[in-house]
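*Asks:* The following block contains the structure, expressed as structure tokens.
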Amino acid sequence: MMSMVRPGYLSLIQYVSAIILIFLISWHLILRFPPLHGVESFIDTMKPEILYEEITVYGVLLVLLLVAAVFHGVNGIRSMLLEWSSNKYWTLIVNLLAIIVFLVLIVVGIHTVLYVTPP
């Protein structure tokens, strides 16, 4: 995935994911605004019934937030690690590790969204 794409495209995707993250994180934080849920404090917005409702209603956006955040983070760390060395084997190892970490985090995150149990 990451090693088969030209570096210029990965940089472009990195910038696009940053813009997507700005909007999705803003939306995610707005969901924690207590008056939207008829509660008095931020902590009250974390009640299981409120979280379950948000996951069932906004699950697709939460997965999009997950994918954008994980890609942005993993690709950023990958880019920093590739700046340390231009060795062919180092590049291969870093790219493979980035793909593995990306896939594992995505699977765990999607599993969390799909298999949340009702309160």
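Order determines the names: the first chain of the structure tokens is A, the second B, and so forth; residues in each chain are numbered 1 upward, and ligands are numbered 1 upward as they are shown.
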I'd like the contact shell of A:Leu97 - 12 Å cut-off, only C-alpha atoms, skipping same-chain residues fewer than 4 positions apart - returned as an MDAnalysis selection string.
*Replies:* chainID A and resid 1:3 74:75 77:78 81:82 90:93 101:104
*Asks:* If we count only C-alpha atoms, what is near stretch 43-54 of chain A at a cut-off of 8 Å, once residues fewer than 6 positions away on the same chain are taken out, given as an NGL selection string?
*Replies:* :A and (32-34 or 37 or 116-119)
*Asks:* Given only C-alpha atoms, how would the per-residue table for stretch 34-78 of chain A near stretch 13-20 of chain A read, listing every residue at most 12 Å away with its closest atom pair and distance in Å to one decimal, sorted by chain and number, as a Markdown table?
*Replies:*
| residue | atom | partner | partner_atom | distance |
| --- | --- | --- | --- | --- |
| A:Leu61 | CA | A:Ile20 | CA | 11.0 |
| A:Leu64 | CA | A:Ile20 | CA | 9.0 |
| A:Leu65 | CA | A:Ile20 | CA | 8.1 |
| A:Leu66 | CA | A:Ser17 | CA | 10.9 |
| A:Val67 | CA | A:Ser17 | CA | 9.0 |
| A:Ala68 | CA | A:Ser17 | CA | 5.4 |
| A:Ala69 | CA | A:Ser17 | CA | 7.5 |
| A:Val70 | CA | A:Ser17 | CA | 9.7 |
| A:Phe71 | CA | A:Ser17 | CA | 7.7 |
| A:His72 | CA | A:Gln14 | CA | 5.8 |
| A:Gly73 | CA | A:Gln14 | CA | 9.1 |
| A:Val74 | CA | A:Gln14 | CA | 10.0 |
| A:Asn75 | CA | A:Gln14 | CA | 7.3 |
| A:Gly76 | CA | A:Gln14 | CA | 7.8 |
| A:Ile77 | CA | A:Gln14 | CA | 11.4 |
| A:Arg78 | CA | A:Gln14 | CA | 11.5 |
*Asks:* Atom CA of A:Val57 and atom CA of A:Gly38 are how many Å apart?
*Replies:* 17.5 Å
*Asks:* One decimal, Å: what's the distance from atom CA of A:Leu24 over to atom CA of A:Leu62, could you say?
*Replies:*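 Answer for the atom CA of A:Leu24 to atom CA of A:Leu62 separation: 8.4 Å.
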*Asks:* Taking the DSSP assignment computed from this structure's backbone, write out as a compact mmCIF listing (two decimals) with N, CA and C atoms, in the first residue's frame all residues of stretch 3-71 of chain A that belong to alpha helix (DSSP H).
*Replies:*
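The resulting file, selection.txt, is reproduced below:
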# COMPACT_ATOMS: atom_id res chain seq x y z
N PRO A 7 5.96 8.79 -3.69
CA PRO A 7 6.05 9.66 -2.51
C PRO A 7 5.25 10.96 -2.64
N GLY A 8 5.14 11.53 -3.82
CA GLY A 8 4.38 12.76 -4.00
C GLY A 8 2.91 12.57 -3.68
N TYR A 9 2.36 11.40 -4.05
CA TYR A 9 0.97 11.11 -3.75
C TYR A 9 0.74 10.93 -2.26
N LEU A 10 1.71 10.30 -1.58
CA LEU A 10 1.57 10.12 -0.14
C LEU A 10 1.57 11.47 0.58
N SER A 11 2.38 12.40 0.10
CA SER A 11 2.39 13.73 0.71
C SER A 11 1.05 14.42 0.49
N LEU A 12 0.51 14.29 -0.70
CA LEU A 12 -0.79 14.89 -1.01
C LEU A 12 -1.88 14.28 -0.13
N ILE A 13 -1.86 12.95 0.01
CA ILE A 13 -2.83 12.28 0.86
C ILE A 13 -2.64 12.70 2.32
N GLN A 14 -1.40 12.93 2.72
CA GLN A 14 -1.12 13.38 4.09
C GLN A 14 -1.79 14.74 4.33
N TYR A 15 -1.67 15.65 3.38
CA TYR A 15 -2.28 16.98 3.52
C TYR A 15 -3.81 16.89 3.51
N VAL A 16 -4.35 16.06 2.63
CA VAL A 16 -5.80 15.89 2.56
C VAL A 16 -6.32 15.28 3.86
N SER A 17 -5.59 14.29 4.39
CA SER A 17 -6.04 13.68 5.64
C SER A 17 -5.99 14.69 6.79
N ALA A 18 -5.04 15.62 6.76
CA ALA A 18 -4.98 16.67 7.79
C ALA A 18 -6.22 17.56 7.71
N ILE A 19 -6.62 17.92 6.51
CA ILE A 19 -7.82 18.76 6.34
C ILE A 19 -9.07 18.00 6.78
N ILE A 20 -9.17 16.74 6.40
CA ILE A 20 -10.30 15.92 6.82
C ILE A 20 -10.34 15.82 8.34
N LEU A 21 -9.17 15.64 8.96
CA LEU A 21 -9.10 15.53 10.41
C LEU A 21 -9.57 16.81 11.11
N ILE A 22 -9.26 17.95 10.55
CA ILE A 22 -9.71 19.21 11.16
C ILE A 22 -11.23 19.22 11.27
N PHE A 23 -11.92 18.83 10.22
CA PHE A 23 -13.38 18.83 10.23
C PHE A 23 -13.94 17.72 11.11
N LEU A 24 -13.39 16.51 11.00
CA LEU A 24 -13.94 15.39 11.76
C LEU A 24 -13.68 15.53 13.26
N ILE A 25 -12.52 16.03 13.64
CA ILE A 25 -12.24 16.23 15.06
C ILE A 25 -13.13 17.34 15.61
N SER A 26 -13.35 18.38 14.82
CA SER A 26 -14.26 19.45 15.26
C SER A 26 -15.65 18.89 15.48
N TRP A 27 -16.14 18.11 14.54
CA TRP A 27 -17.45 17.48 14.67
C TRP A 27 -17.49 16.58 15.90
N HIS A 28 -16.45 15.80 16.10
CA HIS A 28 -16.38 14.88 17.23
C HIS A 28 -16.41 15.63 18.56
N LEU A 29 -15.72 16.75 18.63
CA LEU A 29 -15.73 17.55 19.86
C LEU A 29 -17.08 18.22 20.09
N ILE A 30 -17.72 18.63 19.01
CA ILE A 30 -19.05 19.24 19.15
C ILE A 30 -20.04 18.23 19.73
N PRO A 34 -22.35 19.38 26.13
CA PRO A 34 -23.41 18.87 27.02
C PRO A 34 -24.84 19.26 26.66
N PRO A 35 -25.15 20.51 26.27
CA PRO A 35 -26.56 20.83 25.96
C PRO A 35 -27.15 20.01 24.81
N LEU A 36 -26.32 19.48 23.92
CA LEU A 36 -26.84 18.65 22.83
C LEU A 36 -27.49 17.37 23.35
N HIS A 37 -27.03 16.93 24.52
CA HIS A 37 -27.54 15.68 25.08
C HIS A 37 -28.46 15.90 26.27
N PRO A 48 -22.84 5.45 28.88
CA PRO A 48 -22.94 4.37 27.88
C PRO A 48 -24.09 4.54 26.89
N GLU A 49 -25.25 4.98 27.36
CA GLU A 49 -26.40 5.09 26.44
C GLU A 49 -26.17 6.19 25.40
N ILE A 50 -25.50 7.26 25.78
CA ILE A 50 -25.20 8.34 24.83
C ILE A 50 -24.16 7.87 23.83
N LEU A 51 -23.11 7.21 24.32
CA LEU A 51 -22.07 6.72 23.42
C LEU A 51 -22.61 5.67 22.45
N TYR A 52 -23.45 4.78 22.94
CA TYR A 52 -24.03 3.76 22.07
C TYR A 52 -24.86 4.39 20.96
N GLU A 53 -25.66 5.38 21.32
CA GLU A 53 -26.48 6.07 20.32
C GLU A 53 -25.61 6.74 19.26
N GLU A 54 -24.52 7.39 19.69
CA GLU A 54 -23.63 8.06 18.74
C GLU A 54 -22.95 7.06 17.82
N ILE A 55 -22.53 5.93 18.36
CA ILE A 55 -21.85 4.94 17.53
C ILE A 55 -22.82 4.36 16.51
N THR A 56 -24.06 4.11 16.90
CA THR A 56 -25.01 3.54 15.95
C THR A 56 -25.44 4.55 14.90
N VAL A 57 -25.51 5.82 15.27
CA VAL A 57 -25.95 6.85 14.31
C VAL A 57 -24.79 7.34 13.44
N TYR A 58 -23.64 7.56 14.05
CA TYR A 58 -22.51 8.18 13.35
C TYR A 58 -21.35 7.21 13.11
N GLY A 59 -21.63 5.93 13.07
CA GLY A 59 -20.57 4.93 12.94
C GLY A 59 -19.68 5.13 11.72
N VAL A 60 -20.27 5.48 10.60
CA VAL A 60 -19.49 5.66 9.37
C VAL A 60 -18.52 6.83 9.53
N LEU A 61 -18.99 7.93 10.13
CA LEU A 61 -18.09 9.07 10.34
C LEU A 61 -16.99 8.75 11.35
N LEU A 62 -17.32 7.93 12.35
CA LEU A 62 -16.30 7.53 13.32
C LEU A 62 -15.23 6.66 12.65
N VAL A 63 -15.64 5.79 11.75
CA VAL A 63 -14.67 4.96 11.01
C VAL A 63 -13.83 5.84 10.09
N LEU A 64 -14.45 6.82 9.44
CA LEU A 64 -13.69 7.75 8.60
C LEU A 64 -12.68 8.53 9.44
N LEU A 65 -13.08 8.96 10.62
CA LEU A 65 -12.16 9.63 11.54
C LEU A 65 -11.02 8.70 11.91
N LEU A 66 -11.33 7.47 12.21
CA LEU A 66 -10.32 6.46 12.54
C LEU A 66 -9.32 6.29 11.40
N VAL A 67 -9.81 6.08 10.19
CA VAL A 67 -8.92 5.84 9.05
C VAL A 67 -8.05 7.07 8.77
N ALA A 68 -8.64 8.25 8.81
CA ALA A 68 -7.87 9.47 8.55
C ALA A 68 -6.80 9.68 9.62
N ALA A 69 -7.16 9.48 10.89
CA ALA A 69 -6.20 9.69 11.98
C ALA A 69 -5.08 8.66 11.95
N VAL A 70 -5.43 7.40 11.73
CA VAL A 70 -4.40 6.36 11.71
C VAL A 70 -3.49 6.54 10.50
N PHE A 71 -4.06 6.80 9.34
CA PHE A 71 -3.21 7.03 8.17
C PHE A 71 -2.28 8.21 8.39
*Asks:* May I ask for the distance between atom CA of A:Asn95 and atom CA of A:Thr112, given in Å to one decimal place?
*Replies:*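 Atom-to-atom, atom CA of A:Asn95 and atom CA of A:Thr112 are spaced 25.8 Å apart.
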